[in-house]
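Visitor: First, the structure itself, so that you have it in front of you.
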Amino acid sequence: MDLKKLRRKIDLIDAEILKLLNKRAGIILDIGRLKRRSRSAIYVPEREKDVYGNLVARNKGPISNESLKAIFREIMSGALSLEHPMKIAYLGPEFTFTHLASMKKFGSSVAYIGCGTITDVFAEVEKARADYGVVPIENSIDGAITHTQDMFIDSDLKVCSEIYLEVSHNLLSMEPDKSRIKRVYSKAQVFGQCRLWLEANLPGIELVEVSSTAKAAEIASKEKRAACIASDLAAKKYGLKSLYASIEDSVHNVTRFLVIGKREAKPTKHDKTSLMFSVKDRSGALHDMLVPFKRHGINMTKIESRPSKVRAWEYYFFVDIEGHYHDTKVVKALRELKKASTYIKVLGSYPIGDGV
């Protein structure tokens with residue numbers, strides 16, 4: 001069979017795909033009307049997980065599961081925009097890693113609102129100027145994002161989903177090579193993640209901290225003898241050359257992000273619950289707080305502490321456990337935890353995200 005005939009086959013298949021996509025969109029419009037009538041959430045994390053899971057289970061190749069998910073991410077993004085003109089707030093500006101994580105979750109058919117601070121992201125969702133927000137919560141190298149943790153103390157917003165994004169840092173510049181570079185712009189955390197590379201390749205160079213990697217790219221695009229550490233998309237946005245790629249010290253540099261909103265996700269049998277609590281100031285108090293999880297066979301995946309900022313030496317503990325807070329064993333463990341704590345708050349239960 002020659003190339004012309006093969007392409008004709010592709011055209012016929014594309015026409016059938018288009019017909020099916022529009023048929024799917026018609027059903028989506030019906031679903032949107034039903035959701036508005038019942039005031040149900042437009043974005044449903046548990047349904048999203050089902051769709052991806054069903055597709056992967058049925059996929060026989062040769063298309064990879066990752067490519068399949070990327071295709072259907074955009075299909076579902078278009079569906080969300082048909083149901084409701086959705087707005088997503090994120091820690092901006094454009095082409096920061098939080099922006100990339102937001103697009104990984106919600107696709108390109110929804111509207112995005114870049115915010116200057118994590119506080120602003122929470123405010124946009126709380127004031128209903130955005131439907132959901134995306135904020136970083138921890139990095140595999142640097143650890144917890146404490147500003148995000150602190151925001152949950154007073155906010156009523158719920159965690160409804162999580163995103164894992166593999167972070168790759170690149171040295172970008174308008175200059176042709178590193179010998180002409182006198183200063184490098186980026187975020188403090190990024191300098192920390194590229195410390196060994198910088199010491200080995202640009203010893204003694206001036207490192208200038210700015211608010212975001214996107215801001216660093218903007219500055220480097222306008223300033224002579226300057227460079228930045230940022231993403232490939234930032235390079236395209238500002239017309240920068242990539243002098244060195246993947247300069248992070250660890251090849252396993254992953255940032256976890258949370259999707260925050262006003263509605264909770266329903267159980268999927270593969271969930272995670274985030275919560276925070278404080279303990280009474282006595283010997284063995286923290287140990288006693290963790291016993292209920294062990295007693296009921298609940299796996300704890302994370303624990304972090306933060307000062308309460310109310311009383312000296314008083315702390316809040318942020319914990320992630322496996323299971324949904326409606327699960328019987330989680331209900332029992334939280335009931336016991338509540339009796340022994342001075343304060344407890346469930347931040348949300350949500351489908352476990354795909355790690356990288």
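Here, A, B, ... name the chains of the structure tokens in the order displayed, residue numbers run from 1 inside each chain, and ligands are numbered from 1 in the same displayed order.
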Within 10 Å of stretch 267-284 of chain A, counting only C-alpha atoms, which residues show up once you throw out same-chain ones fewer than 5 positions away? Write them as an mmCIF file with N, CA and C atoms, in the first residue's frame, please.
Guide:
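part-v9.cif written:
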data_model
loop_
_atom_site.group_PDB
_atom_site.id
_atom_site.type_symbol
_atom_site.label_atom_id
_atom_site.label_comp_id
_atom_site.auth_asym_id
_atom_site.auth_seq_id
_atom_site.Cartn_x
_atom_site.Cartn_y
_atom_site.Cartn_z
ATOM 1 N N PRO A 45 -13.026 14.943 40.616
ATOM 2 C CA PRO A 45 -11.747 14.206 40.611
ATOM 3 C C PRO A 45 -11.906 12.696 40.543
ATOM 4 N N GLU A 46 -12.934 12.169 41.243
ATOM 5 C CA GLU A 46 -13.096 10.718 41.240
ATOM 6 C C GLU A 46 -13.506 10.193 39.854
ATOM 7 N N ARG A 47 -14.308 10.986 39.130
ATOM 8 C CA ARG A 47 -14.688 10.602 37.769
ATOM 9 C C ARG A 47 -13.483 10.694 36.835
ATOM 10 N N LYS A 49 -10.424 10.160 37.614
ATOM 11 C CA LYS A 49 -9.591 8.989 37.875
ATOM 12 C C LYS A 49 -10.176 7.742 37.197
ATOM 13 N N ASP A 50 -11.507 7.603 37.234
ATOM 14 C CA ASP A 50 -12.168 6.470 36.580
ATOM 15 C C ASP A 50 -11.915 6.462 35.076
ATOM 16 N N GLN A 149 1.106 25.311 53.820
ATOM 17 C CA GLN A 149 0.629 24.686 55.055
ATOM 18 C C GLN A 149 -0.037 25.710 55.966
ATOM 19 N N PHE A 152 -3.723 26.736 55.270
ATOM 20 C CA PHE A 152 -4.794 25.804 55.618
ATOM 21 C C PHE A 152 -5.277 25.968 57.054
ATOM 22 N N ILE A 153 -4.487 26.615 57.892
ATOM 23 C CA ILE A 153 -4.879 26.784 59.297
ATOM 24 C C ILE A 153 -6.173 27.586 59.401
ATOM 25 N N LYS A 158 -10.916 23.070 50.664
ATOM 26 C CA LYS A 158 -10.595 21.654 50.771
ATOM 27 C C LYS A 158 -9.592 21.240 49.688
ATOM 28 N N VAL A 159 -8.755 20.278 50.017
ATOM 29 C CA VAL A 159 -7.904 19.643 49.003
ATOM 30 C C VAL A 159 -8.761 18.629 48.257
ATOM 31 N N CYS A 160 -8.830 18.747 46.932
ATOM 32 C CA CYS A 160 -9.672 17.822 46.168
ATOM 33 C C CYS A 160 -8.900 17.015 45.130
ATOM 34 N N SER A 161 -7.622 17.308 44.961
ATOM 35 C CA SER A 161 -6.816 16.533 44.025
ATOM 36 C C SER A 161 -5.348 16.870 44.256
ATOM 37 N N GLU A 162 -4.450 16.055 43.695
ATOM 38 C CA GLU A 162 -3.018 16.332 43.791
ATOM 39 C C GLU A 162 -2.365 16.080 42.441
ATOM 40 N N MET A 289 -0.798 10.194 69.601
ATOM 41 C CA MET A 289 -1.640 10.655 68.499
ATOM 42 C C MET A 289 -1.511 9.744 67.268
ATOM 43 N N ASN A 299 -1.875 3.459 56.692
ATOM 44 C CA ASN A 299 -0.522 3.864 56.349
ATOM 45 C C ASN A 299 -0.396 5.379 56.326
ATOM 46 N N MET A 300 0.576 5.907 57.049
ATOM 47 C CA MET A 300 0.854 7.340 57.046
ATOM 48 C C MET A 300 1.965 7.602 56.033
ATOM 49 N N THR A 301 1.718 8.493 55.081
ATOM 50 C CA THR A 301 2.695 8.747 54.021
ATOM 51 C C THR A 301 3.511 10.007 54.254
ATOM 52 N N LYS A 302 3.075 10.852 55.205
ATOM 53 C CA LYS A 302 3.809 12.100 55.449
ATOM 54 C C LYS A 302 3.418 12.676 56.799
ATOM 55 N N ILE A 303 4.398 13.290 57.505
ATOM 56 C CA ILE A 303 4.110 14.072 58.700
ATOM 57 C C ILE A 303 5.088 15.240 58.746
ATOM 58 N N GLU A 304 4.566 16.435 58.941
ATOM 59 C CA GLU A 304 5.360 17.658 59.042
ATOM 60 C C GLU A 304 4.848 18.467 60.226
ATOM 61 N N SER A 305 5.718 19.238 60.858
ATOM 62 C CA SER A 305 5.296 20.099 61.966
ATOM 63 C C SER A 305 5.519 21.563 61.614
ATOM 64 N N ARG A 306 4.652 22.422 62.150
ATOM 65 C CA ARG A 306 4.749 23.869 61.960
ATOM 66 C C ARG A 306 4.427 24.565 63.276
ATOM 67 N N PRO A 307 5.160 25.630 63.631
ATOM 68 C CA PRO A 307 4.808 26.392 64.837
ATOM 69 C C PRO A 307 3.406 26.972 64.713
ATOM 70 N N SER A 308 2.666 26.978 65.809
ATOM 71 C CA SER A 308 1.281 27.467 65.780
ATOM 72 C C SER A 308 1.198 28.981 65.626
ATOM 73 N N TRP A 313 6.442 27.227 71.386
ATOM 74 C CA TRP A 313 6.673 25.787 71.487
ATOM 75 C C TRP A 313 5.388 24.960 71.302
ATOM 76 N N GLU A 314 4.369 25.562 70.694
ATOM 77 C CA GLU A 314 3.163 24.812 70.346
ATOM 78 C C GLU A 314 3.173 24.602 68.835
ATOM 79 N N TYR A 315 2.841 23.385 68.408
ATOM 80 C CA TYR A 315 2.980 23.042 66.992
ATOM 81 C C TYR A 315 1.708 22.427 66.424
ATOM 82 N N TYR A 316 1.528 22.678 65.114
ATOM 83 C CA TYR A 316 0.544 21.943 64.335
ATOM 84 C C TYR A 316 1.290 20.842 63.587
ATOM 85 N N PHE A 317 0.646 19.689 63.420
ATOM 86 C CA PHE A 317 1.225 18.603 62.648
ATOM 87 C C PHE A 317 0.358 18.370 61.417
ATOM 88 N N PHE A 318 1.014 18.331 60.269
ATOM 89 C CA PHE A 318 0.335 18.064 59.008
ATOM 90 C C PHE A 318 0.631 16.622 58.607
ATOM 91 N N VAL A 319 -0.427 15.867 58.354
ATOM 92 C CA VAL A 319 -0.302 14.432 58.120
ATOM 93 C C VAL A 319 -1.065 14.027 56.858
ATOM 94 N N ASP A 320 -0.470 13.141 56.070
ATOM 95 C CA ASP A 320 -1.156 12.487 54.957
ATOM 96 C C ASP A 320 -1.284 11.013 55.288
ATOM 97 N N ILE A 321 -2.475 10.463 55.129
ATOM 98 C CA ILE A 321 -2.700 9.040 55.350
ATOM 99 C C ILE A 321 -3.396 8.452 54.127
ATOM 100 N N GLU A 322 -3.259 7.146 53.953
ATOM 101 C CA GLU A 322 -3.966 6.481 52.869
ATOM 102 C C GLU A 322 -5.398 6.173 53.303
ATOM 103 N N GLY A 323 -6.342 6.388 52.373
ATOM 104 C CA GLY A 323 -7.751 6.158 52.663
ATOM 105 C C GLY A 323 -8.549 7.442 52.635
ATOM 106 N N HIS A 324 -9.854 7.295 52.446
ATOM 107 C CA HIS A 324 -10.789 8.432 52.435
ATOM 108 C C HIS A 324 -11.373 8.604 53.840
ATOM 109 N N TYR A 325 -11.650 9.842 54.228
ATOM 110 C CA TYR A 325 -12.117 10.051 55.597
ATOM 111 C C TYR A 325 -13.520 9.497 55.840
ATOM 112 N N HIS A 326 -14.197 9.024 54.789
ATOM 113 C CA HIS A 326 -15.466 8.318 54.956
ATOM 114 C C HIS A 326 -15.263 6.811 55.145
ATOM 115 N N ASP A 327 -14.045 6.319 54.884
ATOM 116 C CA ASP A 327 -13.764 4.887 55.081
ATOM 117 C C ASP A 327 -13.929 4.536 56.559
ATOM 118 N N VAL A 330 -10.805 4.739 58.762
ATOM 119 C CA VAL A 330 -10.328 6.119 58.921
ATOM 120 C C VAL A 330 -11.236 6.876 59.879
ATOM 121 N N LEU A 334 -9.824 8.643 63.249
ATOM 122 C CA LEU A 334 -9.981 10.082 63.465
ATOM 123 C C LEU A 334 -10.796 10.372 64.722
ATOM 124 N N LEU A 337 -8.356 10.033 67.450
ATOM 125 C CA LEU A 337 -7.411 11.141 67.364
ATOM 126 C C LEU A 337 -8.021 12.421 67.944
ATOM 127 N N LYS A 338 -9.303 12.642 67.651
ATOM 128 C CA LYS A 338 -9.993 13.843 68.125
ATOM 129 C C LYS A 338 -10.049 13.896 69.647
ATOM 130 N N ALA A 340 -7.895 12.822 71.754
ATOM 131 C CA ALA A 340 -6.584 13.071 72.351
ATOM 132 C C ALA A 340 -5.948 14.388 71.918
ATOM 133 N N SER A 341 -6.555 15.091 70.950
ATOM 134 C CA SER A 341 -5.940 16.306 70.409
ATOM 135 C C SER A 341 -6.604 17.561 70.963
ATOM 136 N N THR A 342 -5.888 18.657 70.880
ATOM 137 C CA THR A 342 -6.468 19.947 71.250
ATOM 138 C C THR A 342 -7.169 20.583 70.046
ATOM 139 N N TYR A 343 -6.812 20.114 68.838
ATOM 140 C CA TYR A 343 -7.391 20.672 67.613
ATOM 141 C C TYR A 343 -7.152 19.665 66.496
ATOM 142 N N ILE A 344 -8.152 19.447 65.664
ATOM 143 C CA ILE A 344 -7.993 18.572 64.503
ATOM 144 C C ILE A 344 -8.838 19.105 63.351
ATOM 145 N N LYS A 345 -8.304 19.023 62.149
ATOM 146 C CA LYS A 345 -9.007 19.527 60.967
ATOM 147 C C LYS A 345 -8.657 18.646 59.766
ATOM 148 N N VAL A 346 -9.672 18.101 59.118
ATOM 149 C CA VAL A 346 -9.470 17.335 57.891
ATOM 150 C C VAL A 346 -9.411 18.319 56.729
ATOM 151 N N LEU A 347 -8.301 18.322 56.017
ATOM 152 C CA LEU A 347 -8.117 19.264 54.913
ATOM 153 C C LEU A 347 -8.731 18.752 53.614
ATOM 154 N N GLY A 348 -8.987 17.456 53.560
ATOM 155 C CA GLY A 348 -9.628 16.907 52.370
ATOM 156 C C GLY A 348 -9.186 15.483 52.091
ATOM 157 N N SER A 349 -10.054 14.735 51.439
ATOM 158 C CA SER A 349 -9.729 13.407 50.909
ATOM 159 C C SER A 349 -9.846 13.477 49.393
ATOM 160 N N TYR A 350 -8.957 12.779 48.686
ATOM 161 C CA TYR A 350 -8.890 12.937 47.232
ATOM 162 C C TYR A 350 -8.173 11.746 46.619
ATOM 163 N N PRO A 351 -8.380 11.501 45.332
ATOM 164 C CA PRO A 351 -7.707 10.372 44.675
ATOM 165 C C PRO A 351 -6.191 10.527 44.719
ATOM 166 N N ILE A 352 -5.491 9.445 44.980
ATOM 167 C CA ILE A 352 -4.031 9.465 44.986
ATOM 168 C C ILE A 352 -3.536 9.748 43.573
ATOM 169 N N GLY A 353 -2.665 10.742 43.443
ATOM 170 C CA GLY A 353 -2.156 11.123 42.132
ATOM 171 C C GLY A 353 -1.089 10.180 41.626
#
Visitor: Find the residues near stretch 209-212 of chain A: any atom within 12 Å, counting only C-alpha atoms, skip ones fewer than 3 places away on the same chain, and give them as a PyMOL selection string.
Guide: chain A and resi 91-99+114-118+183-192+206+215-220+228-231+234
Visitor: How about saving the chosen residues, C-alpha atoms kept, as an mmCIF file, in the first residue's frame?
Guide:
data_model
loop_
_atom_site.group_PDB
_atom_site.id
_atom_site.type_symbol
_atom_site.label_atom_id
_atom_site.label_comp_id
_atom_site.auth_asym_id
_atom_site.auth_seq_id
_atom_site.Cartn_x
_atom_site.Cartn_y
_atom_site.Cartn_z
ATOM 1 C CA LEU A 91 0.928 30.673 41.702
ATOM 2 C CA GLY A 92 2.159 32.666 38.731
ATOM 3 C CA PRO A 93 3.167 34.255 36.522
ATOM 4 C CA GLU A 94 2.879 32.234 33.293
ATOM 5 C CA PHE A 95 5.294 29.352 32.728
ATOM 6 C CA THR A 96 6.172 28.829 36.369
ATOM 7 C CA PHE A 97 6.173 25.193 37.425
ATOM 8 C CA THR A 98 2.830 25.721 39.176
ATOM 9 C CA HIS A 99 1.414 26.907 35.848
ATOM 10 C CA GLY A 114 -1.820 33.842 37.586
ATOM 11 C CA CYS A 115 -1.449 35.039 41.193
ATOM 12 C CA GLY A 116 1.499 36.741 42.858
ATOM 13 C CA THR A 117 1.381 34.756 46.099
ATOM 14 C CA ILE A 118 -0.032 31.550 47.542
ATOM 15 C CA ARG A 183 24.911 36.889 36.977
ATOM 16 C CA VAL A 184 22.144 34.288 37.144
ATOM 17 C CA TYR A 185 18.513 34.944 38.149
ATOM 18 C CA SER A 186 16.105 32.433 39.692
ATOM 19 C CA LYS A 187 14.168 31.507 42.839
ATOM 20 C CA ALA A 188 16.047 30.725 46.052
ATOM 21 C CA GLN A 189 14.693 27.142 46.041
ATOM 22 C CA VAL A 190 15.934 26.604 42.481
ATOM 23 C CA PHE A 191 19.450 27.760 43.381
ATOM 24 C CA GLY A 192 19.364 25.219 46.199
ATOM 25 C CA GLU A 206 26.453 36.367 41.217
ATOM 26 C CA LYS A 215 10.348 36.504 36.222
ATOM 27 C CA ALA A 216 13.968 35.353 36.044
ATOM 28 C CA ALA A 217 13.510 34.483 32.368
ATOM 29 C CA GLU A 218 11.950 37.863 31.637
ATOM 30 C CA ILE A 219 14.889 39.686 33.226
ATOM 31 C CA ALA A 220 17.492 37.540 31.458
ATOM 32 C CA CYS A 228 18.422 32.465 34.401
ATOM 33 C CA ILE A 229 17.428 29.019 35.584
ATOM 34 C CA ALA A 230 13.921 28.230 34.352
ATOM 35 C CA SER A 231 11.788 25.852 32.265
ATOM 36 C CA ALA A 234 9.929 30.014 29.703
#
Visitor: Counting only C-alpha atoms, figure out which residue out of A:Met86, A:Met103, A:Met151, A:Val251 gets nearest to A:Phe122.
Guide: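 Comparing A:Met86, A:Met103, A:Met151, A:Val251 against A:Phe122, the winner is A:Met151.
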Visitor: Which of stretch 207-236 of chain A end up as strand (DSSP E or B) when DSSP is run on this backbone - answer as a list in words?
Guide: Leu207, Val208, Glu209, Ala226, Ala227, Cys228, Ile229 and Ala230 of chain A
Visitor: If we count only C-alpha atoms, what is near A:Ser246 at a cut-off of 9 Å, once residues fewer than 6 positions away on the same chain are taken out, given as a short mmCIF file (atom, residue, chain, number, x, y, z; two decimals) with C-alpha atoms, in the first residue's frame?
Guide:
data_model
loop_
_atom_site.label_atom_id
_atom_site.label_comp_id
_atom_site.auth_asym_id
_atom_site.auth_seq_id
_atom_site.Cartn_x
_atom_site.Cartn_y
_atom_site.Cartn_z
CA VAL A 167 10.93 19.45 37.64
CA SER A 168 13.80 20.03 35.23
CA HIS A 169 15.92 23.18 35.46
CA ASN A 170 17.74 24.73 32.50
CA LEU A 171 20.35 27.47 32.22
#
Visitor: So what do you get for atom CA of A:Asn139 versus atom CA of A:Ala89, distance-wise?
Guide: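 About the pair atom CA of A:Asn139 and atom CA of A:Ala89: they are 20.1 Å apart.
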Visitor: Any idea what the distance is between atom CA of A:Glu199 and atom CA of A:Lys178?
Guide: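 Computed distance, atom CA of A:Glu199 to atom CA of A:Lys178, equals 13.3 Å.
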Visitor: So which one's closest to A:Ile31, A:His252, A:Arg295, A:Lys339, A:His84? Using only C-alpha atoms, please.
Guide: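 Checking each of A:His252, A:Arg295, A:Lys339, A:His84 against A:Ile31, counting only C-alpha atoms, the winner is A:His84.
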Visitor: Counting only C-alpha atoms, which of A:Val56, A:Asp249, A:Ala41, A:Ile27 gets nearest to A:Glu264?
Guide: A:Ala41
Visitor: Using only C-alpha atoms, which of A:Ile205, A:Phe257, A:Tyr238, A:Lys224 sits nearest A:Ala144?
Guide: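 Residue with the minimum atom-to-atom distance to A:Ala144: A:Phe257.
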Visitor: Identify, on the basis of only C-alpha atoms, every residue whose closest approach to A:Arg256 does not exceed 12 Å; exclude the query and any residue fewer than 4 positions from it along the same chain; express the result as a PyMOL selection string.
Guide: chain A and resi 97-98+100-102+134-145+148+161-167+352-356
Visitor: Between A:Leu286, A:Leu68, A:Ile13, A:Ile88, which one has atoms that come closest to A:Arg129, using only C-alpha atoms?
Guide: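 So, comparing all the options, the nearest one is A:Ile88.
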Visitor: Please report, as a PyMOL selection string, each residue of stretch 21-91 of chain A to which DSSP assigns alpha helix (DSSP H) when run on this structure's backbone.
Guide: chain A and resi 21-38+45-58+65-83
Visitor: Could you write out the selected residues, including C-alpha atoms, as a short mmCIF file (atom, residue, chain, number, x, y, z; two decimals), in the first residue's frame?
Guide:
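Below is the file part16.cif, written as the result:
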data_model
loop_
_atom_site.label_atom_id
_atom_site.label_comp_id
_atom_site.auth_asym_id
_atom_site.auth_seq_id
_atom_site.Cartn_x
_atom_site.Cartn_y
_atom_site.Cartn_z
CA LEU A 21 -15.85 13.70 19.77
CA ASN A 22 -18.82 15.88 18.85
CA LYS A 23 -21.21 13.13 19.91
CA ARG A 24 -19.35 12.99 23.24
CA ALA A 25 -19.57 16.80 23.51
CA GLY A 26 -23.34 16.64 23.04
CA ILE A 27 -23.62 14.29 26.01
CA ILE A 28 -21.30 16.56 28.01
CA LEU A 29 -23.71 19.46 27.43
CA ASP A 30 -26.55 17.32 28.81
CA ILE A 31 -24.42 16.43 31.84
CA GLY A 32 -23.62 20.12 32.37
CA ARG A 33 -27.32 21.02 32.42
CA LEU A 34 -28.03 18.28 34.99
CA LYS A 35 -25.11 19.42 37.16
CA ARG A 36 -26.27 23.05 37.10
CA ARG A 37 -29.81 21.99 38.00
CA SER A 38 -28.55 19.98 40.99
CA PRO A 45 -11.75 14.21 40.61
CA GLU A 46 -13.10 10.72 41.24
CA ARG A 47 -14.69 10.60 37.77
CA GLU A 48 -11.45 11.86 36.22
CA LYS A 49 -9.59 8.99 37.87
CA ASP A 50 -12.17 6.47 36.58
CA VAL A 51 -11.85 7.74 33.01
CA TYR A 52 -8.05 7.46 33.02
CA GLY A 53 -8.15 4.09 34.75
CA ASN A 54 -10.63 2.62 32.26
CA LEU A 55 -8.64 3.87 29.28
CA VAL A 56 -5.33 2.48 30.55
CA ALA A 57 -6.97 -0.87 31.33
CA ARG A 58 -8.32 -1.12 27.76
CA ASN A 65 -0.48 5.12 28.39
CA GLU A 66 1.14 8.52 28.95
CA SER A 67 0.27 9.66 25.43
CA LEU A 68 -3.25 8.35 25.88
CA LYS A 69 -3.65 10.34 29.12
CA ALA A 70 -2.31 13.49 27.46
CA ILE A 71 -4.84 13.17 24.62
CA PHE A 72 -7.76 12.62 26.97
CA ARG A 73 -6.60 15.38 29.29
CA GLU A 74 -7.31 17.80 26.44
CA ILE A 75 -10.58 16.07 25.59
CA MET A 76 -11.71 16.40 29.20
CA SER A 77 -10.42 19.98 29.34
CA GLY A 78 -12.67 20.81 26.39
CA ALA A 79 -15.53 19.04 28.15
CA LEU A 80 -15.05 21.13 31.31
CA SER A 81 -15.16 24.33 29.27
CA LEU A 82 -18.42 23.20 27.63
CA GLU A 83 -20.04 22.47 30.99
#
Visitor: Suppose you want the space between atom CA of A:Thr119 and atom CA of A:Asp154; what is it in Å?
Guide: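 If I compute the distance from atom CA of A:Thr119 to atom CA of A:Asp154, I get 11.2 Å.
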Visitor: I'd like to know which of A:Leu202, A:Cys194, A:Ala235, A:Ala265 is closest to A:Tyr43, using only C-alpha atoms.
Guide: A:Ala265
